[in-house]
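S.K.: Got a structure for you, coords.cif, holding mmCIF, C-alpha atoms.
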data_target
loop_
_atom_site.label_atom_id
_atom_site.label_comp_id
_atom_site.auth_asym_id
_atom_site.auth_seq_id
_atom_site.Cartn_x
_atom_site.Cartn_y
_atom_site.Cartn_z
CA MET A 1 -54.31 101.97 -1.39
CA ARG A 2 -52.70 103.10 -4.63
CA ILE A 3 -52.75 101.25 -7.93
CA ASN A 4 -50.08 101.52 -10.57
CA CYS A 5 -51.71 102.14 -13.96
CA PRO A 6 -49.43 101.19 -16.86
CA TYR A 7 -50.44 104.39 -18.69
CA CYS A 8 -51.21 106.99 -16.01
CA GLY A 9 -48.78 105.94 -13.28
CA GLU A 10 -49.58 105.41 -9.59
CA ARG A 11 -53.05 106.67 -8.74
CA ASP A 12 -55.43 106.77 -5.80
CA LEU A 13 -57.88 103.90 -5.34
CA GLY A 14 -60.80 106.30 -5.76
CA GLU A 15 -60.11 106.61 -9.50
CA PHE A 16 -60.75 102.89 -10.00
CA VAL A 17 -63.71 100.53 -10.02
CA TYR A 18 -63.28 96.94 -8.83
CA PHE A 19 -64.63 94.26 -11.11
CA GLY A 20 -63.53 90.94 -9.59
CA ASP A 21 -61.30 88.03 -10.45
CA PRO A 22 -60.16 87.71 -14.06
CA VAL A 23 -62.10 84.45 -14.54
CA PRO A 24 -63.30 83.46 -18.01
CA ARG A 25 -66.95 84.23 -18.75
CA PRO A 26 -69.03 81.02 -18.65
CA ASP A 27 -70.44 79.70 -21.92
CA PRO A 28 -74.01 81.09 -22.09
CA SER A 29 -75.03 78.35 -24.54
CA ALA A 30 -74.12 75.52 -22.18
CA ALA A 31 -76.99 73.38 -20.92
CA ASP A 32 -76.13 74.25 -17.31
CA ALA A 33 -75.34 77.92 -18.08
CA ALA A 34 -77.37 79.22 -15.12
CA GLN A 35 -75.40 77.08 -12.68
CA ARG A 36 -72.10 78.06 -14.33
CA PHE A 37 -72.91 81.76 -14.06
CA HIS A 38 -74.00 81.28 -10.45
CA ASP A 39 -70.68 79.62 -9.65
CA SER A 40 -68.74 82.26 -11.57
CA VAL A 41 -70.44 85.18 -9.86
CA TYR A 42 -70.83 83.88 -6.30
CA LEU A 43 -68.36 81.04 -5.69
CA ARG A 44 -65.14 83.05 -5.65
CA ASP A 45 -61.91 82.08 -3.98
CA ASN A 46 -60.92 84.41 -1.19
CA PRO A 47 -57.21 83.76 -0.81
CA ALA A 48 -55.06 85.25 1.94
CA GLY A 49 -52.09 86.36 -0.13
CA PRO A 50 -51.40 87.22 -3.76
CA HIS A 51 -54.63 87.62 -5.72
CA GLN A 52 -55.32 88.55 -9.34
CA GLU A 53 -58.14 91.02 -9.89
CA LEU A 54 -59.59 93.32 -12.55
CA TRP A 55 -59.81 97.07 -12.00
CA TYR A 56 -61.27 99.68 -14.33
CA HIS A 57 -59.48 103.05 -14.37
CA ALA A 58 -62.76 104.97 -14.60
CA TYR A 59 -61.40 108.44 -13.80
CA GLY A 60 -58.16 108.02 -15.71
CA CYS A 61 -57.33 106.38 -19.03
CA ARG A 62 -60.46 104.17 -18.90
CA GLY A 63 -58.35 101.08 -19.32
CA TRP A 64 -59.02 97.66 -17.79
CA LEU A 65 -56.14 96.47 -15.61
CA ARG A 66 -55.15 93.07 -14.31
CA VAL A 67 -53.66 93.77 -10.89
CA THR A 68 -51.87 91.35 -8.57
CA ARG A 69 -52.41 92.37 -4.96
CA ASP A 70 -51.53 90.76 -1.64
CA THR A 71 -54.86 90.67 0.18
CA ARG A 72 -53.12 90.58 3.58
CA THR A 73 -51.02 93.72 3.12
CA HIS A 74 -52.55 95.48 0.06
CA ALA A 75 -49.04 95.36 -1.42
CA MET A 76 -49.22 95.84 -5.19
CA LEU A 77 -47.27 93.05 -6.85
CA GLY A 78 -47.85 94.00 -10.47
CA SER A 79 -50.29 95.47 -12.95
CA ALA A 80 -50.84 95.31 -16.68
CA PHE A 81 -53.59 96.09 -19.15
CA ALA A 82 -56.09 93.24 -19.22
CA SER A 83 -55.82 93.25 -23.02
CA ASP A 84 -52.12 92.38 -22.79
CA PRO A 85 -51.22 88.67 -22.88
CA ALA A 86 -51.33 87.31 -19.31
CA MET B 1 -71.47 120.96 -31.81
CA ASP B 2 -70.53 124.18 -33.58
CA GLU B 3 -73.39 126.12 -31.98
CA LEU B 4 -72.33 125.09 -28.48
CA ALA B 5 -68.63 125.55 -29.15
CA ALA B 6 -69.22 129.16 -30.18
CA GLN B 7 -70.51 130.00 -26.70
CA PRO B 8 -68.44 130.09 -23.52
CA ALA B 9 -69.18 127.21 -21.13
CA SER B 10 -68.64 129.71 -18.32
CA ALA B 11 -71.33 132.12 -19.58
CA SER B 12 -73.75 131.44 -16.71
CA PHE B 13 -71.09 131.27 -14.01
CA VAL B 14 -71.09 134.22 -11.62
CA PRO B 15 -67.77 134.53 -9.76
CA PRO B 16 -68.39 135.07 -6.02
CA ARG B 17 -67.21 138.52 -5.00
CA SER B 18 -65.93 137.17 -1.69
CA ALA B 19 -62.97 135.58 -3.45
CA SER B 20 -61.62 138.74 -5.07
CA GLY B 21 -57.84 138.97 -5.35
CA ASP B 22 -55.20 137.81 -7.75
CA GLY B 23 -53.54 134.76 -6.18
CA VAL B 24 -55.09 132.70 -8.96
CA VAL B 25 -56.06 133.78 -12.46
CA ILE B 26 -58.47 131.76 -14.56
CA THR B 27 -59.83 132.16 -18.05
CA GLU B 28 -61.75 130.03 -20.50
CA ARG B 29 -60.13 129.27 -23.83
CA GLN B 30 -62.73 129.89 -26.46
CA ASN B 31 -63.38 129.18 -30.12
CA LEU B 32 -61.41 125.94 -29.98
CA THR B 33 -61.87 123.08 -32.36
CA LEU B 34 -61.64 119.84 -30.37
CA ALA B 35 -61.64 116.20 -31.39
CA THR B 36 -60.69 112.82 -30.00
CA LEU B 37 -58.35 110.65 -32.03
CA GLN B 38 -58.16 106.91 -31.39
CA THR B 39 -55.99 104.45 -33.25
CA ARG B 40 -57.61 101.58 -35.10
CA ARG B 41 -56.39 98.11 -34.23
CA GLY B 42 -52.90 97.41 -35.53
CA GLN B 43 -52.44 100.88 -37.06
CA HIS B 44 -50.32 102.44 -34.32
CA ALA B 45 -47.10 102.84 -36.29
CA ALA B 46 -48.89 103.95 -39.45
CA LEU B 47 -50.85 106.62 -37.54
CA ARG B 48 -47.72 107.99 -35.88
CA ALA B 49 -46.03 108.25 -39.25
CA ARG B 50 -49.07 109.90 -40.84
CA VAL B 51 -49.41 112.48 -38.06
CA ALA B 52 -45.67 113.17 -38.11
CA ALA B 53 -45.81 113.78 -41.87
CA ARG B 54 -48.96 115.91 -41.74
CA PHE B 55 -48.43 117.92 -38.53
CA HIS B 56 -44.68 117.56 -37.88
CA VAL B 57 -45.18 116.33 -34.33
CA ASP B 58 -44.69 112.99 -32.59
CA LEU B 59 -47.91 111.66 -31.06
CA PRO B 60 -47.07 111.32 -27.34
CA GLN B 61 -47.13 107.70 -26.20
CA ARG B 62 -47.73 108.68 -22.57
CA PRO B 63 -49.81 111.34 -20.76
CA ALA B 64 -48.16 114.36 -22.36
CA VAL B 65 -48.80 117.08 -24.93
CA GLY B 66 -47.38 117.06 -28.45
CA ARG B 67 -47.62 120.60 -29.71
CA THR B 68 -47.13 122.59 -32.90
CA GLN B 69 -47.98 126.17 -33.74
CA SER B 70 -51.46 125.20 -34.89
CA VAL B 71 -52.49 122.02 -33.08
CA SER B 72 -51.93 120.12 -29.82
CA PHE B 73 -52.28 116.39 -29.18
CA VAL B 74 -52.90 115.50 -25.51
CA GLY B 75 -52.40 111.84 -24.54
CA VAL B 76 -55.51 110.81 -22.55
CA GLY B 77 -55.21 107.01 -22.73
CA PRO B 78 -53.44 104.26 -24.62
CA GLU B 79 -53.54 105.22 -28.32
CA THR B 80 -56.08 107.97 -27.57
CA TRP B 81 -55.58 111.73 -27.85
CA LEU B 82 -57.51 114.94 -27.38
CA VAL B 83 -56.75 117.16 -30.37
CA ILE B 84 -56.95 120.94 -29.89
CA ALA B 85 -56.84 123.28 -32.86
CA PRO B 86 -57.34 126.91 -31.71
CA ASP B 87 -57.75 128.32 -35.19
CA GLY B 88 -58.96 125.15 -36.85
CA GLY B 89 -62.50 126.17 -37.66
CA PRO B 90 -65.23 123.71 -38.54
CA SER B 91 -63.29 122.27 -41.45
CA PHE B 92 -60.46 121.05 -39.20
CA VAL B 93 -62.22 117.89 -38.04
CA ARG B 94 -63.19 117.01 -41.61
CA SER B 95 -59.64 117.39 -42.82
CA LEU B 96 -58.27 115.47 -39.81
CA LYS B 97 -60.64 112.61 -40.59
CA ALA B 98 -59.40 112.58 -44.15
CA ASP B 99 -55.76 112.75 -43.04
CA VAL B 100 -56.02 109.64 -40.84
CA ALA B 101 -58.67 107.72 -42.80
CA GLY B 102 -58.36 103.99 -42.13
CA LEU B 103 -55.79 104.51 -39.37
CA ALA B 104 -57.78 106.17 -36.58
CA SER B 105 -61.27 107.23 -35.55
CA VAL B 106 -61.95 110.94 -35.13
CA SER B 107 -64.85 112.37 -33.15
CA ASP B 108 -65.71 116.08 -33.04
CA GLN B 109 -65.74 117.26 -29.41
CA SER B 110 -65.82 121.02 -30.00
CA GLY B 111 -69.05 121.38 -28.03
CA GLY B 112 -68.23 118.55 -25.64
CA HIS B 113 -65.42 119.96 -23.54
CA ALA B 114 -64.64 123.27 -21.88
CA ILE B 115 -61.00 124.19 -21.43
CA PHE B 116 -59.82 126.55 -18.70
CA ARG B 117 -56.38 128.08 -18.34
CA VAL B 118 -55.24 128.75 -14.78
CA GLY B 119 -52.16 130.45 -13.39
CA GLY B 120 -50.93 132.75 -10.64
CA ARG B 121 -48.77 132.32 -7.57
CA ALA B 122 -51.30 130.11 -5.75
CA VAL B 123 -52.36 127.91 -8.65
CA GLY B 124 -50.43 124.93 -7.29
CA ALA B 125 -51.93 125.27 -3.81
CA THR B 126 -55.40 125.56 -5.34
CA LEU B 127 -55.08 122.52 -7.57
CA ALA B 128 -53.60 120.52 -4.66
CA LYS B 129 -57.04 120.72 -3.04
CA LEU B 130 -58.73 119.42 -6.15
CA VAL B 131 -56.75 116.67 -7.85
CA PRO B 132 -55.19 113.60 -6.17
CA ILE B 133 -51.93 113.78 -8.14
CA ASP B 134 -48.59 115.49 -7.55
CA LEU B 135 -48.35 118.75 -9.54
CA ASP B 136 -45.12 119.94 -7.91
CA PRO B 137 -42.93 121.51 -10.62
CA ALA B 138 -40.32 118.81 -10.00
CA ALA B 139 -42.81 115.99 -10.51
CA PHE B 140 -45.08 117.42 -13.22
CA LYS B 141 -43.03 119.06 -15.96
CA VAL B 142 -44.04 121.45 -18.71
CA GLY B 143 -45.73 119.31 -21.35
CA ASP B 144 -46.85 116.61 -18.91
CA ALA B 145 -50.55 115.71 -18.89
CA ALA B 146 -52.84 113.68 -16.65
CA THR B 147 -56.41 112.46 -16.72
CA THR B 148 -57.82 112.33 -13.21
CA VAL B 149 -60.66 113.65 -11.07
CA ALA B 150 -61.35 116.99 -9.39
CA ALA B 151 -64.21 116.99 -6.87
CA HIS B 152 -65.99 114.09 -8.63
CA VAL B 153 -65.56 115.77 -12.03
CA GLY B 154 -63.30 114.01 -14.49
CA VAL B 155 -60.57 116.33 -15.77
CA THR B 156 -57.69 116.14 -18.18
CA LEU B 157 -55.02 118.68 -17.35
CA TRP B 158 -51.63 119.58 -18.74
CA ARG B 159 -48.86 121.96 -17.80
CA CYS B 160 -48.13 124.86 -20.16
CA PRO B 161 -44.92 126.91 -20.28
CA ASP B 162 -44.66 129.08 -17.17
CA GLY B 163 -46.31 132.50 -17.28
CA LEU B 164 -44.50 135.83 -17.50
CA ASP B 165 -44.81 136.00 -13.70
CA GLY B 166 -42.69 132.85 -13.49
CA GLU B 167 -45.57 130.83 -12.05
CA GLN B 168 -46.95 127.53 -13.28
CA VAL B 169 -49.73 127.60 -15.86
CA PHE B 170 -52.11 124.70 -16.44
CA GLU B 171 -54.98 124.02 -18.77
CA LEU B 172 -57.86 121.81 -17.66
CA SER B 173 -60.44 120.14 -19.84
CA VAL B 174 -63.78 119.14 -18.34
CA PHE B 175 -66.97 117.86 -19.90
CA ARG B 176 -68.87 120.98 -20.86
CA SER B 177 -72.01 120.12 -18.90
CA LEU B 178 -69.89 119.82 -15.72
CA ALA B 179 -68.08 123.12 -16.25
CA GLY B 180 -70.36 124.97 -13.80
CA SER B 181 -69.73 122.47 -11.00
CA PHE B 182 -66.02 122.52 -11.71
CA LEU B 183 -65.85 126.33 -11.68
CA GLU B 184 -67.71 126.58 -8.37
CA CYS B 185 -65.35 124.11 -6.77
CA PHE B 186 -62.27 125.72 -8.30
CA TRP B 187 -63.38 129.15 -7.12
CA ASP B 188 -64.03 127.91 -3.59
CA SER B 189 -60.60 126.31 -3.50
CA ALA B 190 -58.95 129.50 -4.76
CA ALA B 191 -60.96 131.84 -2.51
CA GLU B 192 -58.39 132.03 0.29
CA PHE B 193 -55.76 133.22 -2.21
CA GLY B 194 -58.07 135.49 -4.16
CA CYS B 195 -59.20 134.56 -7.65
CA ARG B 196 -59.59 136.74 -10.70
CA TRP B 197 -61.35 136.02 -13.97
CA ASP B 198 -59.06 137.09 -16.76
CA ALA B 199 -60.49 138.17 -20.08
CA GLN B 200 -57.27 137.22 -21.82
CA PRO B 201 -55.30 134.05 -21.15
CA PRO B 202 -52.14 134.74 -19.10
CA ARG B 203 -49.54 134.80 -21.81
CA ALA B 204 -46.90 132.11 -21.70
CA SER B 205 -43.27 133.16 -21.79
CA THR B 206 -42.40 130.83 -24.66
CA SER B 207 -44.33 129.05 -27.40
CA PRO B 208 -47.89 129.75 -26.30
CA SER B 209 -50.31 126.97 -27.11
CA ARG B 210 -52.29 129.04 -29.56
#
Transcribe the structure of this file into structure tokens.

M.R.:
Amino acid sequence: MRINCPYCGERDLGEFVYFGDPVPRPDPSAADAAQRFHDSVYLRDNPAGPHQELWYHAYGCRGWLRVTRDTRTHAMLGSAFASDPA
Amino acid sequence: MDELAAQPASASFVPPRSASGDGVVITERQNLTLATLQTRRGQHAALRARVAARFHVDLPQRPAVGRTQSVSFVGVGPETWLVIAPDGGPSFVRSLKADVAGLASVSDQSGGHAIFRVGGRAVGATLAKLVPIDLDPAAFKVGDAATTVAAHVGVTLWRCPDGLDGEQVFELSVFRSLAGSFLECFWDSAAEFGCRWDAQPPRASTSPSR
């Protein structure tokens, strides 16, 4: 699998670290924060098809990427820096 | 930083005799002043203008080298550069900080990185064993740069003007504490072609980087 980094270009999977879905961090001050974090960490969708995910380009530009990948084919459908507007 | 930078990172490396030959030539660039330069939020255009006025070079906006007679800027990430000043001396980082005050952060890396220059007829075949990117002359042009990994060691490399022998020349920057591991792996990869430690960098045919 190869990931297209907006800065470095197409690179081998081994240069990247997977972080998970780009879901908002739960509010730690909420009364049910523990449950919210549990849901956020463990109750993830596992779609068959296009999926948005965060990857860290650890061995390259050290940027965080938001990648859209088809989980059935590993086809890369798009990538951008996570700091860019979605 | 200055104390470390004054000593070669390769000082304790003993080249294996079994690899003798001259398919690949390697040397360490020494007495370099190094720094990282990172733009402050919202100051991109102002920094480019300041660097252009001060150094007469465009900061590369992609993985590439912007080079003058006295200083090189290697793009290593978005709005981040490795600055190399061969004859900068210890005052270079201070003056660079002053030049870009308010626009960018500057961090002295003179003792943090080791930079090796490699060339020879088999340099491409050697690096092909080490880095997972395409360094074919058609794909990776003179002045192109890349930050990637070589045998688990993070490297930033860039292509210099070809040597007098007409072969490709690259420079590779590795974290200084990993220089020994990198050299062992590089030497093993070059062994089948023969590898020679050169006291002097192979001279580039045009506009050498120092």

S.K.: So which one's closest to chain B, A:Trp55, A:Arg36, A:Gly60, A:Pro22? Using all atoms listed in the file, please.

M.R.: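 Comparing A:Trp55, A:Arg36, A:Gly60, A:Pro22 against chain B, the winner is A:Gly60.
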
S.K.: Just so the selection is clear, what residues does the PyMOL selection byres ((chain B) within 7 of (chain A)) cover here, as number ranges by chain?

M.R.: B: 62-63, 76-78, 132, 146-149, 154

S.K.: Identify which of the residues B:Ala151, B:Ala64, B:Trp158, B:Ala114 lies closest to Ala11 (chain B), counting only C-alpha atoms when measuring atom-to-atom distances.

M.R.: B:Ala114

S.K.: The PyMOL selection byres ((chain B and resi 29) around 10) on the file shown: which residues, as a list of chain:residue names?

M.R.: B:Pro8, B:Ala9, B:Ile26, B:Thr27, B:Glu28, B:Gln30, B:Asn31, B:Leu32, B:Pro86, B:Ala114, B:Ile115, B:Phe116, B:Arg117, B:Glu171, B:Leu172, B:Ser173, B:Ala199, B:Gln200, B:Pro201, B:Arg210

S.K.: If you keep C-alpha atoms, can you produce a file of those selected residues as a PDB file, in the frame of the given file?

M.R.:
ATOM      1  CA  PRO B   8     -68.440 130.090 -23.520  1.00  0.00           C
ATOM      2  CA  ALA B   9     -69.180 127.210 -21.130  1.00  0.00           C
ATOM      3  CA  ILE B  26     -58.470 131.760 -14.560  1.00  0.00           C
ATOM      4  CA  THR B  27     -59.830 132.160 -18.050  1.00  0.00           C
ATOM      5  CA  GLU B  28     -61.750 130.030 -20.500  1.00  0.00           C
ATOM      6  CA  GLN B  30     -62.730 129.890 -26.460  1.00  0.00           C
ATOM      7  CA  ASN B  31     -63.380 129.180 -30.120  1.00  0.00           C
ATOM      8  CA  LEU B  32     -61.410 125.940 -29.980  1.00  0.00           C
ATOM      9  CA  PRO B  86     -57.340 126.910 -31.710  1.00  0.00           C
ATOM     10  CA  ALA B 114     -64.640 123.270 -21.880  1.00  0.00           C
ATOM     11  CA  ILE B 115     -61.000 124.190 -21.430  1.00  0.00           C
ATOM     12  CA  PHE B 116     -59.820 126.550 -18.700  1.00  0.00           C
ATOM     13  CA  ARG B 117     -56.380 128.080 -18.340  1.00  0.00           C
ATOM     14  CA  GLU B 171     -54.980 124.020 -18.770  1.00  0.00           C
ATOM     15  CA  LEU B 172     -57.860 121.810 -17.660  1.00  0.00           C
ATOM     16  CA  SER B 173     -60.440 120.140 -19.840  1.00  0.00           C
ATOM     17  CA  ALA B 199     -60.490 138.170 -20.080  1.00  0.00           C
ATOM     18  CA  GLN B 200     -57.270 137.220 -21.820  1.00  0.00           C
ATOM     19  CA  PRO B 201     -55.300 134.050 -21.150  1.00  0.00           C
ATOM     20  CA  ARG B 210     -52.290 129.040 -29.560  1.00  0.00           C
TER      21      ARG B 210
END

S.K.: Residues near Asp58 (chain B), anyone? I mean within 12 Å using all atoms listed in the file, not counting same-chain ones fewer than 6 positions away, as a PyMOL selection string.

M.R.: chain B and resi 45+47-52+64-68+71-75+81

S.K.: Please evaluate the PyMOL selection byres ((chain B and resi 38) around 6) against the displayed coordinates and give the resulting residues as a PyMOL selection string.

M.R.: chain B and resi 37+39+79-80+104-105

S.K.: Near Val41 (chain A), within 10 Å and counting all atoms listed in the file, which residues show up once chain neighbours fewer than 4 positions away are dropped, as a list in words?

M.R.: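 Residues near the query, excluding close chain neighbours: Gly20, Asp21, Val23, Arg25, Pro26, Gln35, Arg36 and Phe37 of chain A.
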
S.K.: Report, in Å to a single decimal, how far apart CA of Gly143 (chain B) and CA of Cys160 (chain B) are.

M.R.: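 Taking CA of Cys160 (chain B) and CA of Gly143 (chain B), their separation equals 6.2 Å.
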
S.K.: Report, in Å with one decimal, the straight-line distance from CA of Gly23 (chain B) to CA of Phe175 (chain B).

M.R.: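 CA of Phe175 (chain B) lies at a distance of 25.6 Å from CA of Gly23 (chain B).
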
S.K.: Can you pull out the residues contacting Thr36 (chain B)? Cut-off 6 Å, using only C-alpha atoms, and skip same-chain residues under 2 positions away; I want them as a PyMOL selection string.

M.R.: chain B and resi 81-83+106-107

S.K.: With only C-alpha atoms as the atoms that count, which of B:Gly124, B:Gly194, B:Gly180, B:Gly119 lies nearest to Gly163 (chain B)?

M.R.: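 Residue with the minimum atom-to-atom distance to Gly163 (chain B): B:Gly119.
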
S.K.: Find the residues near Ala75 (chain A): any atom within 12 Å, counting all atoms listed in the file, skip ones fewer than 2 places away on the same chain, and give them as a ChimeraX atom specification.

M.R.: /A:1-4,49-51,67-73,77-79

S.K.: Quick one: pull the distance between CA of Arg196 (chain B) and CA of Ala122 (chain B), Å, one decimal.

M.R.: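 Spanning CA of Arg196 (chain B) to CA of Ala122 (chain B) is a straight-line distance of 11.7 Å.
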
S.K.: Please put the answer as AutoDock Vina command-line options: centre and edge lengths, in Å with one decimal, of a box along x, y and z that encloses all listed atoms of region 41-52 of chain A plus 3 Å on each side.

M.R.:
--center_x -61.1 --center_y 84.8 --center_z -4.0 --size_x 25.4 --size_y 13.5 --size_z 17.8

S.K.: Just write region 102-116 of chain B with N, CA, C and O atoms, as a compact mmCIF listing (two decimals), in the first residue's frame, taken from the block above.

M.R.:
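Result written to decode_37.txt:
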# COMPACT_ATOMS: atom_id res chain seq x y z
N GLY B 102 10.72 36.98 14.58
CA GLY B 102 9.28 37.21 14.49
C GLY B 102 8.61 36.46 13.35
O GLY B 102 7.39 36.34 13.32
N LEU B 103 9.40 35.98 12.38
CA LEU B 103 8.83 35.32 11.21
C LEU B 103 9.02 33.81 11.25
O LEU B 103 8.23 33.07 10.64
N ALA B 104 10.08 33.35 11.92
CA ALA B 104 10.38 31.91 11.90
C ALA B 104 11.18 31.57 13.15
O ALA B 104 11.81 32.43 13.77
N SER B 105 11.13 30.29 13.52
CA SER B 105 11.93 29.78 14.62
C SER B 105 13.18 29.12 14.05
O SER B 105 13.11 28.40 13.06
N VAL B 106 14.31 29.37 14.71
CA VAL B 106 15.59 28.82 14.26
C VAL B 106 16.19 27.99 15.39
O VAL B 106 16.20 28.43 16.55
N SER B 107 16.65 26.80 15.08
CA SER B 107 17.24 25.92 16.08
C SER B 107 18.58 25.41 15.58
O SER B 107 18.67 24.82 14.50
N ASP B 108 19.63 25.65 16.37
CA ASP B 108 20.97 25.21 15.97
C ASP B 108 21.05 23.68 15.96
O ASP B 108 20.72 23.04 16.96
N GLN B 109 21.44 23.10 14.86
CA GLN B 109 21.55 21.65 14.72
C GLN B 109 22.96 21.22 14.34
O GLN B 109 23.15 20.10 13.87
N SER B 110 23.94 22.11 14.55
CA SER B 110 25.29 21.83 14.06
C SER B 110 25.83 20.52 14.61
O SER B 110 26.54 19.79 13.93
N GLY B 111 25.52 20.20 15.88
CA GLY B 111 25.96 18.95 16.45
C GLY B 111 24.92 17.86 16.37
O GLY B 111 25.10 16.78 16.92
N GLY B 112 23.81 18.12 15.70
CA GLY B 112 22.68 17.20 15.70
C GLY B 112 22.63 16.28 14.49
O GLY B 112 22.03 15.21 14.54
N HIS B 113 23.21 16.72 13.40
CA HIS B 113 23.15 15.93 12.17
C HIS B 113 24.56 15.67 11.65
O HIS B 113 25.45 16.49 11.83
N ALA B 114 24.72 14.53 10.97
CA ALA B 114 25.93 14.27 10.20
C ALA B 114 25.51 14.25 8.74
O ALA B 114 24.44 13.76 8.40
N ILE B 115 26.35 14.82 7.88
CA ILE B 115 26.03 14.87 6.46
C ILE B 115 27.13 14.16 5.68
O ILE B 115 28.31 14.48 5.82
N PHE B 116 26.70 13.19 4.87
CA PHE B 116 27.63 12.41 4.05
C PHE B 116 27.38 12.71 2.59
O PHE B 116 26.24 12.85 2.16
